[in-house]
Amino acid sequence: MKLTLIGGGGFRVPQIFEALAAKDASARVTELCLYDLGPERLEVMRSVLLQLAGSTPRPPRITVETDLDTALRGASFVFSAMRVGGAAGRIADERVALDLGVLGQETVGPGGLAYALRTLPAARRLAERVAAVAPEAWVINFTNPAGMVTEAMRAALGDRVIGICDTPIGLMRRAVHAVGSTPEAVDFDYVGLNHLGWLRRISVDGQDRLPALLADNTALGQMEEARLMGFDWVRALGAVPNEYLYYYYFQREATERIRASAETRGEFLQRQQAGFYEQAHLYPNSALELWQQTKHDREASYMAESRPEEEHNGRQESDVDGGGYQGVALDLMGGLTHGTSATMILNVANRGTVPELPDDAVIEVACDVRAGGVQARKVAPVRADMLGLLQQVKAVEQMTIAASLHRDPVLAWRALAAHPLVDSVTVAQKLLDTYRQVIPGVAAAFD
């Protein structure tokens with residue numbers, strides 16, 4: 001079975017390879033095709049993977065490709081992990097917003113909308129080429145902003161594109177551990193959008209263990225989300241929020257901390273990863289060792305820009321172990337291929353799951369995965385405070401998709417102005433104007 005990885009020169013590619021090559025991998029891939037527009041990055045990743053292959057039980061054959069149709073032809077699965085505009089685009093996403101006094105973050109707020117505006121045209125082109133060249137392939141989308149990108153790709157691919165994110169999976173892993181159970185023994189209710197959701201129930205033997213978890217300081221201390229946002233607030237919510245909700249619930253604090261930091265997350269990653277690619281290109285025989293060192297620093301500092309200075313590298317080992325989106329993707333592949341029944345949190349079409357949202361909206365909920373497709377599980381009614389935020393952000397996402405599709409800057413302005421983290425129509429206009437001036441991909445979105 002052939003798997004094509006769009007963004008094959010990206011830093012996280014070896015994690016996917018490790019999952020594919022594991023003895024207990026849920027899907028057997030015989031060829032991993034790396035597609036990227038950067039030949040040097042492709043060669044660095046090829047060096048890392050070849051060194052990894054020697055210590056893995058059943059490594060797939062590695063191919064590299066810079067022609068999209070060739071890369072897609074014959075693929076059973078396509079992973080989309082592109083970063084249009086690279087690290088420079090991400091830095092601009094963050095800095096432009098911060099300079100105007102609003103949150104500067106990669107996927108949340110105006111930075112996420114700028115990221116979407118330059119990414120959606122490429123995502124649509126990819127979807128169209130998959131539909132033409134590999135119509136039976138499943139597309140698993142990691143590309144951020146994952147909800148918007150998945151929703152845009154559905155126009156060409158329908159249900160054959162599914163969005164994934166490791167954040168809610170990590171939340172669930174910690175919650176299962178905190179209640180002293182196993183994934184197979186729990187039932188749960190999780191609802192939201194990508195990077196905006198809540199765990200509202202976790203049941204064992206028909207009994208909801210969430211109230212007890214929220215009441216227990218020791219158990220709650222195992223939840224990174226509770227440590228980040230405070231035990232009192234999580235208890236007040238009566239739910240465990242996705243960690244990205246920190247940016248909504250603590251907008252002022254997050255913005256001030258990021259502005260006070262020596263560098264944004266994008267600037268940190270550009271400095272760190274530029275060093276890795278440069279060194280790995282010069283010393284290809286040490287590429288794997290260099291990658292492993294860089295990976296540890298990257299994971300340990302996740303969301304560090306939003307924490308107090310003394311906690312910048314304070315993630316617990318349990319917060320970063322257990323695998324990431326590569327494990328989610330492999331489990332999804334296994335379910336779709338072999339029919340192994342599984343319950344996963346995925347980005348899929350709403351279709352009445354949350355009646356107050358449009359049917360065609362992509363939401364993030366628990367789904368049953370079986371051979372040939374996924375089915376969203378029913379969720380409990382969504383409380384008004386949560387629903388209001390979901391409706392507002394989804395409206396912003398759909399306006400952004402429409403602005404990209406129709407190349408309409410007025411719709412883009414409306415989307416920015418409607419976002420709950422943008423506090424002024426005037427600021428929204430300045431954001432759009434500045435993004436168009438400094439990010440070529442945003443300017444090109446309206447040409």
# chains A, B, ... in the order shown; residues from 1 in each chain; ligands from 1

call {"tool": "select_by_dssp", "arguments": {"residues": "segment 130-196 of chain A", "states": "helix (DSSP H, G or I)", "output": "short mmCIF file (atom, residue, chain, number, x, y, z; two decimals) with N, CA, C and O atoms, in the first residue's frame"}}
result
data_model
loop_
_atom_site.label_atom_id
_atom_site.label_comp_id
_atom_site.auth_asym_id
_atom_site.auth_seq_id
_atom_site.Cartn_x
_atom_site.Cartn_y
_atom_site.Cartn_z
N VAL A 130 -6.02 15.06 -6.24
CA VAL A 130 -6.30 13.74 -5.69
C VAL A 130 -7.54 13.16 -6.36
O VAL A 130 -7.56 12.00 -6.78
N ALA A 131 -8.58 13.99 -6.48
CA ALA A 131 -9.82 13.52 -7.11
C ALA A 131 -9.58 13.08 -8.55
O ALA A 131 -10.21 12.13 -9.03
N ALA A 132 -8.65 13.75 -9.24
CA ALA A 132 -8.39 13.41 -10.65
C ALA A 132 -7.44 12.24 -10.81
O ALA A 132 -7.62 11.40 -11.69
N VAL A 133 -6.40 12.16 -9.96
CA VAL A 133 -5.31 11.21 -10.16
C VAL A 133 -5.45 9.96 -9.28
O VAL A 133 -5.06 8.86 -9.69
N ALA A 146 -6.73 23.12 10.73
CA ALA A 146 -7.21 21.83 10.23
C ALA A 146 -8.70 21.81 9.92
O ALA A 146 -9.13 21.18 8.95
N GLY A 147 -9.52 22.47 10.75
CA GLY A 147 -10.95 22.47 10.48
C GLY A 147 -11.30 23.17 9.19
O GLY A 147 -12.06 22.65 8.36
N MET A 148 -10.74 24.36 8.98
CA MET A 148 -11.02 25.11 7.76
C MET A 148 -10.48 24.41 6.52
O MET A 148 -11.15 24.34 5.49
N VAL A 149 -9.26 23.90 6.62
CA VAL A 149 -8.66 23.24 5.47
C VAL A 149 -9.45 21.99 5.09
O VAL A 149 -9.74 21.74 3.91
N THR A 150 -9.85 21.20 6.08
CA THR A 150 -10.64 20.00 5.80
C THR A 150 -11.97 20.37 5.16
O THR A 150 -12.42 19.74 4.19
N GLU A 151 -12.61 21.43 5.68
CA GLU A 151 -13.90 21.84 5.13
C GLU A 151 -13.76 22.30 3.69
O GLU A 151 -14.60 21.96 2.84
N ALA A 152 -12.70 23.02 3.38
CA ALA A 152 -12.49 23.48 2.00
C ALA A 152 -12.22 22.31 1.06
O ALA A 152 -12.69 22.29 -0.09
N MET A 153 -11.48 21.32 1.52
CA MET A 153 -11.14 20.17 0.67
C MET A 153 -12.34 19.26 0.41
O MET A 153 -12.36 18.52 -0.58
N ARG A 154 -13.34 19.33 1.25
CA ARG A 154 -14.53 18.51 1.05
C ARG A 154 -15.26 18.85 -0.25
O ARG A 154 -15.98 18.02 -0.79
N ALA A 155 -15.08 20.06 -0.76
CA ALA A 155 -15.75 20.44 -2.02
C ALA A 155 -15.36 19.49 -3.15
O ALA A 155 -16.19 19.19 -4.02
N ALA A 156 -14.12 19.02 -3.16
CA ALA A 156 -13.66 18.11 -4.21
C ALA A 156 -13.67 16.66 -3.77
O ALA A 156 -13.82 15.76 -4.61
N LEU A 157 -13.54 16.41 -2.46
CA LEU A 157 -13.33 15.04 -1.99
C LEU A 157 -14.46 14.48 -1.15
O LEU A 157 -14.51 13.26 -0.91
N GLY A 158 -15.38 15.33 -0.70
CA GLY A 158 -16.48 14.84 0.13
C GLY A 158 -15.96 14.12 1.37
O GLY A 158 -15.00 14.57 2.02
N ASP A 159 -16.55 12.98 1.68
CA ASP A 159 -16.21 12.26 2.90
C ASP A 159 -14.85 11.57 2.83
O ASP A 159 -14.40 10.99 3.83
N ARG A 160 -14.17 11.63 1.68
CA ARG A 160 -12.88 10.96 1.57
C ARG A 160 -11.73 11.82 2.13
O ARG A 160 -10.56 11.43 2.05
N ASP A 166 -3.80 16.00 17.16
CA ASP A 166 -3.40 15.21 18.31
C ASP A 166 -3.77 15.85 19.64
O ASP A 166 -3.71 15.20 20.68
N THR A 167 -4.21 17.11 19.63
CA THR A 167 -4.50 17.79 20.89
C THR A 167 -5.64 17.14 21.67
O THR A 167 -5.50 16.85 22.86
N PRO A 168 -6.82 16.89 21.07
CA PRO A 168 -7.88 16.23 21.85
C PRO A 168 -7.53 14.79 22.22
O PRO A 168 -7.98 14.30 23.26
N ILE A 169 -6.71 14.12 21.39
CA ILE A 169 -6.29 12.77 21.73
C ILE A 169 -5.41 12.80 22.97
O ILE A 169 -5.53 11.95 23.86
N GLY A 170 -4.52 13.78 23.06
CA GLY A 170 -3.69 13.93 24.25
C GLY A 170 -4.53 14.23 25.47
O GLY A 170 -4.28 13.70 26.57
N LEU A 171 -5.52 15.10 25.32
CA LEU A 171 -6.45 15.39 26.41
C LEU A 171 -7.11 14.12 26.91
O LEU A 171 -7.18 13.85 28.13
N MET A 172 -7.61 13.32 25.97
CA MET A 172 -8.29 12.08 26.36
C MET A 172 -7.33 11.11 27.02
O MET A 172 -7.69 10.42 28.00
N ARG A 173 -6.10 11.01 26.53
CA ARG A 173 -5.13 10.10 27.13
C ARG A 173 -4.88 10.48 28.59
O ARG A 173 -4.84 9.62 29.48
N ARG A 174 -4.73 11.78 28.85
CA ARG A 174 -4.51 12.22 30.22
C ARG A 174 -5.74 11.99 31.09
O ARG A 174 -5.63 11.60 32.27
N ALA A 175 -6.93 12.23 30.54
CA ALA A 175 -8.15 12.05 31.31
C ALA A 175 -8.37 10.58 31.68
O ALA A 175 -8.77 10.26 32.81
N VAL A 176 -8.12 9.69 30.73
CA VAL A 176 -8.28 8.25 31.01
C VAL A 176 -7.33 7.83 32.12
O VAL A 176 -7.70 7.10 33.05
N HIS A 177 -6.10 8.31 32.06
CA HIS A 177 -5.13 7.98 33.10
C HIS A 177 -5.57 8.57 34.45
O HIS A 177 -5.44 7.91 35.50
N ALA A 178 -6.07 9.80 34.43
CA ALA A 178 -6.45 10.47 35.67
C ALA A 178 -7.61 9.78 36.38
O ALA A 178 -7.70 9.83 37.62
N PRO A 183 -8.38 3.16 27.67
CA PRO A 183 -9.17 3.70 26.56
C PRO A 183 -10.34 2.81 26.16
O PRO A 183 -11.41 3.31 25.80
N GLU A 184 -10.14 1.50 26.23
CA GLU A 184 -11.20 0.58 25.80
C GLU A 184 -12.38 0.58 26.76
O GLU A 184 -13.49 0.20 26.38
N ALA A 185 -12.16 0.99 28.01
CA ALA A 185 -13.21 0.88 29.03
C ALA A 185 -14.02 2.14 29.22
O ALA A 185 -14.97 2.16 30.01
#

call {"tool": "residues_around", "arguments": {"residues": "Gln392 of chain A", "least_positions_apart": "5", "cutoff": "9 Å", "atoms": "only C-alpha atoms", "output": "count of residues only"}}
result
5

call {"tool": "residues_around", "arguments": {"residues": "Ala444 of chain A", "least_positions_apart": "5", "cutoff": "9 Å", "atoms": "only C-alpha atoms", "output": "list in words"}}
result
Arg118, Arg436 and Ile439 of chain A

call {"tool": "residues_around", "arguments": {"residues": "Ala329 of chain A", "least_positions_apart": "4", "cutoff": "8 Å", "atoms": "only C-alpha atoms", "output": "list in words"}}
result
Ile140, Ile164, Tyr325 and Met333 of chain A

call {"tool": "residues_around", "arguments": {"residues": "Val369 of chain A", "least_positions_apart": "3", "cutoff": "10 Å", "atoms": "only C-alpha atoms", "output": "VMD selection string"}}
result
chain A and resid 331 to 336 339 to 346 366 372 to 376

call {"tool": "write_last_selection", "arguments": {"atoms": "C-alpha atoms", "output": "PDB file, in the first residue's frame"}}
result
ATOM      1  CA  ASP A 331      -5.156   4.157  13.764  1.00  0.00           C
ATOM      2  CA  LEU A 332      -7.493   5.904  11.328  1.00  0.00           C
ATOM      3  CA  MET A 333      -5.810   4.207   8.359  1.00  0.00           C
ATOM      4  CA  GLY A 334      -6.130   0.831  10.052  1.00  0.00           C
ATOM      5  CA  GLY A 335      -9.815   1.317  10.751  1.00  0.00           C
ATOM      6  CA  LEU A 336     -10.596   2.480   7.226  1.00  0.00           C
ATOM      7  CA  GLY A 339     -12.513  -2.434   9.490  1.00  0.00           C
ATOM      8  CA  THR A 340     -11.072  -2.552  12.989  1.00  0.00           C
ATOM      9  CA  SER A 341     -13.715  -0.717  14.983  1.00  0.00           C
ATOM     10  CA  ALA A 342     -12.361   2.282  16.866  1.00  0.00           C
ATOM     11  CA  THR A 343     -13.593   5.488  18.458  1.00  0.00           C
ATOM     12  CA  MET A 344     -11.558   8.570  17.566  1.00  0.00           C
ATOM     13  CA  ILE A 345     -11.913  12.346  17.806  1.00  0.00           C
ATOM     14  CA  LEU A 346     -11.890  13.573  14.202  1.00  0.00           C
ATOM     15  CA  ALA A 366     -15.911  11.495  18.641  1.00  0.00           C
ATOM     16  CA  GLY A 372     -15.044   2.471   4.292  1.00  0.00           C
ATOM     17  CA  GLY A 373     -15.856   5.462   6.455  1.00  0.00           C
ATOM     18  CA  VAL A 374     -16.463   7.220   9.749  1.00  0.00           C
ATOM     19  CA  GLN A 375     -19.655   8.166  11.568  1.00  0.00           C
ATOM     20  CA  ALA A 376     -19.914  11.020  14.061  1.00  0.00           C
TER      21      ALA A 376
END

call {"tool": "select_by_dssp", "arguments": {"residues": "segment 119-256 of chain A", "states": "strand (DSSP E)", "output": "list in words"}}
result
Trp138, Val139, Ile140, Asn141, Val161, Ile162, Gly163, Val186, Asp187, Phe188, Asp189, Tyr190, Val191, Gly192, Leu193, Leu196, Gly197, Trp198, Leu199, Arg200, Arg201, Ile202, Ser203, Val204, Gln207, Asp208, Val240 and Pro241 of chain A

call {"tool": "write_last_selection", "arguments": {"atoms": "C-alpha atoms", "output": "tab-separated table (two decimals), in the first residue's frame"}}
result
chain	number	residue	atom	x	y	z
A	138	TRP	CA	-8.31	8.68	1.45
A	139	VAL	CA	-6.90	12.08	2.42
A	140	ILE	CA	-6.00	12.55	6.08
A	141	ASN	CA	-5.47	16.23	6.72
A	161	VAL	CA	-11.04	13.74	3.45
A	162	ILE	CA	-10.89	13.58	7.24
A	163	GLY	CA	-9.11	16.04	9.52
A	186	VAL	CA	-14.34	4.51	28.77
A	187	ASP	CA	-17.18	6.26	26.98
A	188	PHE	CA	-16.98	10.01	26.59
A	189	ASP	CA	-18.51	13.18	25.19
A	190	TYR	CA	-16.21	15.62	23.40
A	191	VAL	CA	-17.53	18.39	21.16
A	192	GLY	CA	-16.13	21.43	19.40
A	193	LEU	CA	-14.15	22.71	16.45
A	196	LEU	CA	-11.77	24.73	20.33
A	197	GLY	CA	-13.52	21.91	22.20
A	198	TRP	CA	-14.45	20.44	25.57
A	199	LEU	CA	-14.45	17.04	27.25
A	200	ARG	CA	-17.83	17.07	28.99
A	201	ARG	CA	-18.16	13.46	30.17
A	202	ILE	CA	-15.92	10.45	30.73
A	203	SER	CA	-17.80	7.35	31.86
A	204	VAL	CA	-16.61	4.00	33.17
A	207	GLN	CA	-20.79	6.15	35.66
A	208	ASP	CA	-19.56	9.64	34.75
A	240	VAL	CA	-12.00	19.99	30.58
A	241	PRO	CA	-11.27	22.44	27.76

call {"tool": "residues_around", "arguments": {"residues": "Gly74 of chain A", "least_positions_apart": "6", "cutoff": "9 Å", "atoms": "only C-alpha atoms", "output": "MDAnalysis selection string"}}
result
chainID A and resid 1:3 133:134 137

call {"tool": "closest_residue", "arguments": {"among": "A:Arg58, A:Arg377, A:Lys295, A:Lys23", "to": "Ala349 of chain A", "atoms": "only C-alpha atoms"}}
result
A:Arg377

call {"tool": "closest_residue", "arguments": {"among": "A:Gly275, A:Gly8, A:Pro409, A:Gly221", "to": "Trp291 of chain A", "atoms": "only C-alpha atoms"}}
result
A:Gly275

call {"tool": "atom_distance", "arguments": {"atom1": "atom CA of Ser80 of chain A", "atom2": "atom CA of Leu103 of chain A"}}
result
26.8 Å

call {"tool": "closest_residue", "arguments": {"among": "A:Ile62, A:Ala380, A:Leu120, A:Val44", "to": "His281 of chain A", "atoms": "only C-alpha atoms"}}
result
A:Val44
